[in-house]
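Source file: protein37.cif (mmCIF, C-alpha atoms, pLDDT in the B column; chains and numbers go by the auth columns)
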data_model
#
loop_
_atom_site.group_PDB
_atom_site.id
_atom_site.type_symbol
_atom_site.label_atom_id
_atom_site.label_comp_id
_atom_site.label_asym_id
_atom_site.label_seq_id
_atom_site.Cartn_x
_atom_site.Cartn_y
_atom_site.Cartn_z
_atom_site.B_iso_or_equiv
_atom_site.auth_seq_id
_atom_site.auth_asym_id
ATOM 1 C CA MET A 1 -5.949 -29.021 -8.031 39.00 1 A
ATOM 2 C CA ILE A 2 -3.500 -27.383 -5.615 42.00 2 A
ATOM 3 C CA ASN A 3 -0.961 -25.035 -7.153 46.00 3 A
ATOM 4 C CA GLN A 4 2.427 -26.779 -6.769 45.00 4 A
ATOM 5 C CA ARG A 5 4.382 -23.646 -7.691 45.00 5 A
ATOM 6 C CA SER A 6 7.269 -22.857 -5.351 47.00 6 A
ATOM 7 C CA PHE A 7 7.043 -19.436 -3.687 47.00 7 A
ATOM 8 C CA THR A 8 10.523 -17.981 -3.468 60.00 8 A
ATOM 9 C CA SER A 9 10.082 -14.234 -3.655 90.00 9 A
ATOM 10 C CA ALA A 10 7.925 -11.794 -1.747 93.00 10 A
ATOM 11 C CA ALA A 11 7.128 -8.094 -1.986 95.00 11 A
ATOM 12 C CA VAL A 12 5.046 -5.683 0.028 96.00 12 A
ATOM 13 C CA PHE A 13 3.028 -2.955 -1.694 97.00 13 A
ATOM 14 C CA HIS A 14 2.196 -0.099 0.687 96.00 14 A
ATOM 15 C CA ASP A 15 0.403 3.177 -0.069 94.00 15 A
ATOM 16 C CA TYR A 16 3.004 5.606 1.294 93.00 16 A
ATOM 17 C CA PHE A 17 5.299 6.523 4.169 94.00 17 A
ATOM 18 C CA ALA A 18 4.314 10.009 5.319 91.00 18 A
ATOM 19 C CA ILE A 19 4.801 9.644 9.089 90.00 19 A
ATOM 20 C CA ARG A 20 6.492 7.363 11.616 89.00 20 A
ATOM 21 C CA GLY A 21 3.269 5.490 12.311 86.00 21 A
ATOM 22 C CA GLY A 22 2.526 1.984 13.496 86.00 22 A
ATOM 23 C CA GLY A 23 1.293 0.779 10.095 87.00 23 A
ATOM 24 C CA GLU A 24 4.452 2.016 8.439 91.00 24 A
ATOM 25 C CA ARG A 25 6.621 0.349 11.082 92.00 25 A
ATOM 26 C CA LEU A 26 4.691 -2.913 10.675 91.00 26 A
ATOM 27 C CA VAL A 27 5.284 -2.846 6.897 93.00 27 A
ATOM 28 C CA LEU A 28 9.030 -2.302 7.410 94.00 28 A
ATOM 29 C CA GLU A 29 9.223 -5.145 9.967 92.00 29 A
ATOM 30 C CA LEU A 30 7.187 -7.483 7.748 91.00 30 A
ATOM 31 C CA ALA A 31 9.383 -6.760 4.724 93.00 31 A
ATOM 32 C CA GLN A 32 12.537 -7.251 6.775 91.00 32 A
ATOM 33 C CA ALA A 33 11.304 -10.572 8.209 91.00 33 A
ATOM 34 C CA LEU A 34 10.426 -11.862 4.722 91.00 34 A
ATOM 35 C CA GLY A 35 13.436 -10.349 2.931 91.00 35 A
ATOM 36 C CA ALA A 36 10.858 -8.572 0.778 93.00 36 A
ATOM 37 C CA SER A 37 11.134 -5.415 -1.236 93.00 37 A
ATOM 38 C CA ILE A 38 8.563 -2.671 -0.711 95.00 38 A
ATOM 39 C CA THR A 39 6.811 -0.759 -3.468 96.00 39 A
ATOM 40 C CA TYR A 40 5.327 2.466 -2.139 96.00 40 A
ATOM 41 C CA GLY A 41 3.773 5.647 -3.494 94.00 41 A
ATOM 42 C CA TYR A 42 6.119 8.096 -1.794 93.00 42 A
ATOM 43 C CA THR A 43 7.935 8.921 1.403 93.00 43 A
ATOM 44 C CA THR A 44 8.452 12.161 3.326 91.00 44 A
ATOM 45 C CA PRO A 45 11.298 13.379 5.559 89.00 45 A
ATOM 46 C CA GLU A 46 8.994 12.838 8.573 90.00 46 A
ATOM 47 C CA SER A 47 8.855 9.107 7.875 91.00 47 A
ATOM 48 C CA TYR A 48 11.446 6.362 8.180 89.00 48 A
ATOM 49 C CA GLU A 49 14.930 6.607 6.685 87.00 49 A
ATOM 50 C CA ARG A 50 15.433 5.049 3.265 85.00 50 A
ATOM 51 C CA THR A 51 18.219 2.913 4.762 85.00 51 A
ATOM 52 C CA LEU A 52 15.515 0.767 6.420 87.00 52 A
ATOM 53 C CA PHE A 53 14.221 -0.356 2.998 85.00 53 A
ATOM 54 C CA LEU A 54 15.857 -3.134 0.969 84.00 54 A
ATOM 55 C CA ALA A 55 17.794 -1.842 -2.020 82.00 55 A
ATOM 56 C CA GLU A 56 15.275 -3.521 -4.353 86.00 56 A
ATOM 57 C CA SER A 57 12.429 -1.421 -2.948 91.00 57 A
ATOM 58 C CA LEU A 58 10.662 0.885 -5.368 93.00 58 A
ATOM 59 C CA ASP A 59 9.517 4.430 -4.629 93.00 59 A
ATOM 60 C CA LEU A 60 6.802 5.359 -7.143 95.00 60 A
ATOM 61 C CA ASN A 61 7.694 8.948 -6.245 90.00 61 A
ATOM 62 C CA LEU A 62 4.202 10.416 -6.492 91.00 62 A
ATOM 63 C CA SER A 63 4.572 14.103 -7.213 90.00 63 A
ATOM 64 C CA PRO A 64 3.881 16.476 -4.275 87.00 64 A
ATOM 65 C CA LEU A 65 1.321 18.178 -6.526 87.00 65 A
ATOM 66 C CA LEU A 66 -0.635 14.895 -6.747 88.00 66 A
ATOM 67 C CA ARG A 67 -0.450 14.307 -2.976 85.00 67 A
ATOM 68 C CA ARG A 68 -3.039 17.032 -2.391 88.00 68 A
ATOM 69 C CA TYR A 69 -6.477 16.298 -1.015 86.00 69 A
ATOM 70 C CA GLY A 70 -8.812 15.134 -3.789 85.00 70 A
ATOM 71 C CA LEU A 71 -5.974 14.052 -6.093 89.00 71 A
ATOM 72 C CA HIS A 72 -4.143 11.799 -3.693 88.00 72 A
ATOM 73 C CA ALA A 73 -6.209 8.581 -3.876 90.00 73 A
ATOM 74 C CA PRO A 74 -6.847 8.481 -7.639 92.00 74 A
ATOM 75 C CA ALA A 75 -3.210 9.336 -8.387 94.00 75 A
ATOM 76 C CA LEU A 76 -1.935 6.604 -6.076 95.00 76 A
ATOM 77 C CA ALA A 77 -4.442 4.075 -7.439 94.00 77 A
ATOM 78 C CA PHE A 78 -3.276 4.819 -10.988 95.00 78 A
ATOM 79 C CA ALA A 79 0.410 4.603 -9.997 96.00 79 A
ATOM 80 C CA PHE A 80 -0.128 1.208 -8.356 96.00 80 A
ATOM 81 C CA ALA A 81 -2.253 -0.092 -11.248 96.00 81 A
ATOM 82 C CA ARG A 82 0.754 0.540 -13.499 96.00 82 A
ATOM 83 C CA GLN A 83 2.722 -1.946 -11.344 96.00 83 A
ATOM 84 C CA ARG A 84 0.509 -4.991 -12.053 95.00 84 A
ATOM 85 C CA ALA A 85 2.862 -6.590 -14.581 93.00 85 A
ATOM 86 C CA ARG A 86 5.799 -6.264 -12.206 93.00 86 A
ATOM 87 C CA ALA A 87 3.709 -7.579 -9.304 95.00 87 A
ATOM 88 C CA GLU A 88 2.759 -10.627 -11.364 94.00 88 A
ATOM 89 C CA SER A 89 6.440 -11.633 -11.517 92.00 89 A
ATOM 90 C CA ILE A 90 6.555 -11.923 -7.705 94.00 90 A
ATOM 91 C CA ASP A 91 5.458 -15.144 -6.021 93.00 91 A
ATOM 92 C CA THR A 92 3.906 -13.701 -2.848 94.00 92 A
ATOM 93 C CA ARG A 93 2.475 -10.184 -2.907 95.00 93 A
ATOM 94 C CA ILE A 94 1.268 -8.451 0.245 96.00 94 A
ATOM 95 C CA PHE A 95 -0.898 -5.354 -0.232 96.00 95 A
ATOM 96 C CA SER A 96 -1.167 -2.816 2.547 93.00 96 A
ATOM 97 C CA GLY A 97 -3.341 0.269 2.314 90.00 97 A
ATOM 98 C CA VAL A 98 -6.249 1.561 0.273 89.00 98 A
ATOM 99 C CA CYS A 99 -4.524 2.140 -3.095 94.00 99 A
ATOM 100 C CA ALA A 100 -1.750 -0.484 -3.121 95.00 100 A
ATOM 101 C CA PRO A 101 -4.190 -3.326 -3.973 95.00 101 A
ATOM 102 C CA PHE A 102 -4.634 -1.759 -7.418 95.00 102 A
ATOM 103 C CA ALA A 103 -1.284 -3.430 -8.229 97.00 103 A
ATOM 104 C CA ALA A 104 -2.736 -6.888 -7.555 96.00 104 A
ATOM 105 C CA PRO A 105 -2.763 -9.246 -10.522 95.00 105 A
ATOM 106 C CA ALA A 106 -6.003 -11.113 -11.181 90.00 106 A
ATOM 107 C CA ALA A 107 -6.741 -13.976 -8.804 86.00 107 A
ATOM 108 C CA ASP A 108 -6.348 -16.526 -11.610 89.00 108 A
ATOM 109 C CA ARG A 109 -2.724 -15.483 -12.209 91.00 109 A
ATOM 110 C CA PRO A 110 0.136 -17.457 -10.612 91.00 110 A
ATOM 111 C CA GLY A 111 1.280 -16.418 -7.162 91.00 111 A
ATOM 112 C CA ARG A 112 -0.478 -15.289 -4.024 91.00 112 A
ATOM 113 C CA ASN A 113 -2.180 -11.980 -3.318 93.00 113 A
ATOM 114 C CA ILE A 114 -2.472 -11.225 0.403 93.00 114 A
ATOM 115 C CA TYR A 115 -4.399 -8.169 1.564 91.00 115 A
ATOM 116 C CA TYR A 116 -3.392 -6.787 4.944 86.00 116 A
ATOM 117 C CA CYS A 117 -5.893 -4.382 6.510 79.00 117 A
ATOM 118 C CA HIS A 118 -4.361 -2.362 9.368 70.00 118 A
ATOM 119 C CA THR A 119 -7.656 -0.607 10.203 66.00 119 A
ATOM 120 C CA PRO A 120 -10.670 0.525 8.225 64.00 120 A
ATOM 121 C CA PRO A 121 -9.845 3.652 6.191 61.00 121 A
ATOM 122 C CA ARG A 122 -10.126 6.749 8.373 61.00 122 A
ATOM 123 C CA PHE A 123 -12.733 8.364 6.137 61.00 123 A
ATOM 124 C CA LEU A 124 -15.139 5.648 7.271 61.00 124 A
ATOM 125 C CA TYR A 125 -15.072 6.740 10.901 63.00 125 A
ATOM 126 C CA ASP A 126 -13.204 10.008 11.614 63.00 126 A
ATOM 127 C CA GLN A 127 -16.064 12.180 10.379 61.00 127 A
ATOM 128 C CA ARG A 128 -18.846 9.942 11.652 59.00 128 A
ATOM 129 C CA GLU A 129 -20.655 12.758 13.474 66.00 129 A
ATOM 130 C CA SER A 130 -20.591 15.006 10.403 62.00 130 A
ATOM 131 C CA PHE A 131 -22.030 12.255 8.228 57.00 131 A
ATOM 132 C CA ALA A 132 -24.620 11.294 10.846 60.00 132 A
ATOM 133 C CA ASP A 133 -25.859 14.890 10.994 61.00 133 A
ATOM 134 C CA GLY A 134 -26.322 14.825 7.237 57.00 134 A
ATOM 135 C CA ILE A 135 -28.502 11.711 7.236 58.00 135 A
ATOM 136 C CA SER A 136 -30.520 12.338 10.412 53.00 136 A
ATOM 137 C CA PRO A 137 -34.219 12.943 9.820 56.00 137 A
ATOM 138 C CA ARG A 138 -35.220 16.531 10.477 50.00 138 A
#
Before anything else, please render the file you have as structure tokens.
Amino acid sequence: MINQRSFTSAAVFHDYFAIRGGGERLVLELAQALGASITYGYTTPESYERTLFLAESLDLNLSPLLRRYGLHAPALAFAFARQRARAESIDTRIFSGVCAPFAAPAADRPGRNIYYCHTPPRFLYDQRESFADGISPR
């Protein structure tokens, strides 16, 4: 049976805004086009101005201490996981990034979960040579 529920609200969940990058710009444009709020882990002064976000947007304000290498991903994943109940109240949810999808309600819950993958996570390819050296037969 097709879900006949009317989809009237949308939100974008994005890991963070640390730079003025293409992925960040795409998220802002997408949210603007849909009239969607954005939930994000944090922003930095090097990123886009807060005035570009809808007033309903939510900064999870991840502590600078938790933004450090090794703590960053688990802290963001936990912060987004705490947003599942709020995400469930939104009809169409778009998840952008590695940690933002932790906010996704279960697939059997009402509404739509859409996962947007900008590129594979950098850790999969930016150290390819280092990893290849470690697995090469000697």
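Of the listed residues A:Leu28, A:Val98, A:Val12, A:Ile19, the one whose atoms come nearest to A:Ala77 is A:Val98, with distances taken using all atoms listed in the file.
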Evaluate the PyMOL selection byres ((chain A and resi 35) around 12) here and jot the selected residues down as an MDAnalysis selection string.
chainID A and resid 8:12 27:34 36:38 52:57 92
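This file, queried with the PyMOL selection byres ((chain A and resi 42-46) around 6), gives the residues Tyr16, Phe17, Ala18, Ile19, Tyr40, Gly41, Ser47, Asp59, Asn61 and Leu62 of chain A.
Of the residues under consideration (A:Tyr48, A:Phe102, A:Phe13, A:Tyr115), A:Phe102 shows the shortest atom-to-atom contact distance to A:Pro74 when counting only C-alpha atoms.
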Could you check which of A:Gly22, A:His118, A:Leu58, A:Cys99 is closest to A:Ala73, using all atoms listed in the file?
A:Cys99
Exactly which residues make up the result of the PyMOL selection byres ((chain A and resi 88) around 12) on this file, given as a PDB file with C-alpha atoms, keeping the file's coordinate frame?
ATOM      1  CA  SER A   9      10.082 -14.234  -3.655  1.00 90.00           C
ATOM      2  CA  ALA A  10       7.925 -11.794  -1.747  1.00 93.00           C
ATOM      3  CA  ALA A  11       7.128  -8.094  -1.986  1.00 95.00           C
ATOM      4  CA  ALA A  81      -2.253  -0.092 -11.248  1.00 96.00           C
ATOM      5  CA  ARG A  82       0.754   0.540 -13.499  1.00 96.00           C
ATOM      6  CA  GLN A  83       2.722  -1.946 -11.344  1.00 96.00           C
ATOM      7  CA  ARG A  84       0.509  -4.991 -12.053  1.00 95.00           C
ATOM      8  CA  ALA A  85       2.862  -6.590 -14.581  1.00 93.00           C
ATOM      9  CA  ARG A  86       5.799  -6.264 -12.206  1.00 93.00           C
ATOM     10  CA  ALA A  87       3.709  -7.579  -9.304  1.00 95.00           C
ATOM     11  CA  SER A  89       6.440 -11.633 -11.517  1.00 92.00           C
ATOM     12  CA  ILE A  90       6.555 -11.923  -7.705  1.00 94.00           C
ATOM     13  CA  ASP A  91       5.458 -15.144  -6.021  1.00 93.00           C
ATOM     14  CA  THR A  92       3.906 -13.701  -2.848  1.00 94.00           C
ATOM     15  CA  ARG A  93       2.475 -10.184  -2.907  1.00 95.00           C
ATOM     16  CA  ILE A  94       1.268  -8.451   0.245  1.00 96.00           C
ATOM     17  CA  ALA A 103      -1.284  -3.430  -8.229  1.00 97.00           C
ATOM     18  CA  ALA A 104      -2.736  -6.888  -7.555  1.00 96.00           C
ATOM     19  CA  PRO A 105      -2.763  -9.246 -10.522  1.00 95.00           C
ATOM     20  CA  ALA A 106      -6.003 -11.113 -11.181  1.00 90.00           C
ATOM     21  CA  ALA A 107      -6.741 -13.976  -8.804  1.00 86.00           C
ATOM     22  CA  ASP A 108      -6.348 -16.526 -11.610  1.00 89.00           C
ATOM     23  CA  ARG A 109      -2.724 -15.483 -12.209  1.00 91.00           C
ATOM     24  CA  PRO A 110       0.136 -17.457 -10.612  1.00 91.00           C
ATOM     25  CA  GLY A 111       1.280 -16.418  -7.162  1.00 91.00           C
ATOM     26  CA  ARG A 112      -0.478 -15.289  -4.024  1.00 91.00           C
ATOM     27  CA  ASN A 113      -2.180 -11.980  -3.318  1.00 93.00           C
TER      28      ASN A 113
END
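Straight-line separation from atom CA of A:Glu49 to atom CA of A:Gly21: 13.0 Å.
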If I take atom CA of A:Ser63 and atom CA of A:Phe78, how far is one from the other in Å, to one decimal?
12.7 Å
How many Å separate atom CA of A:His14 from atom CA of A:Ser96?
4.7 Å
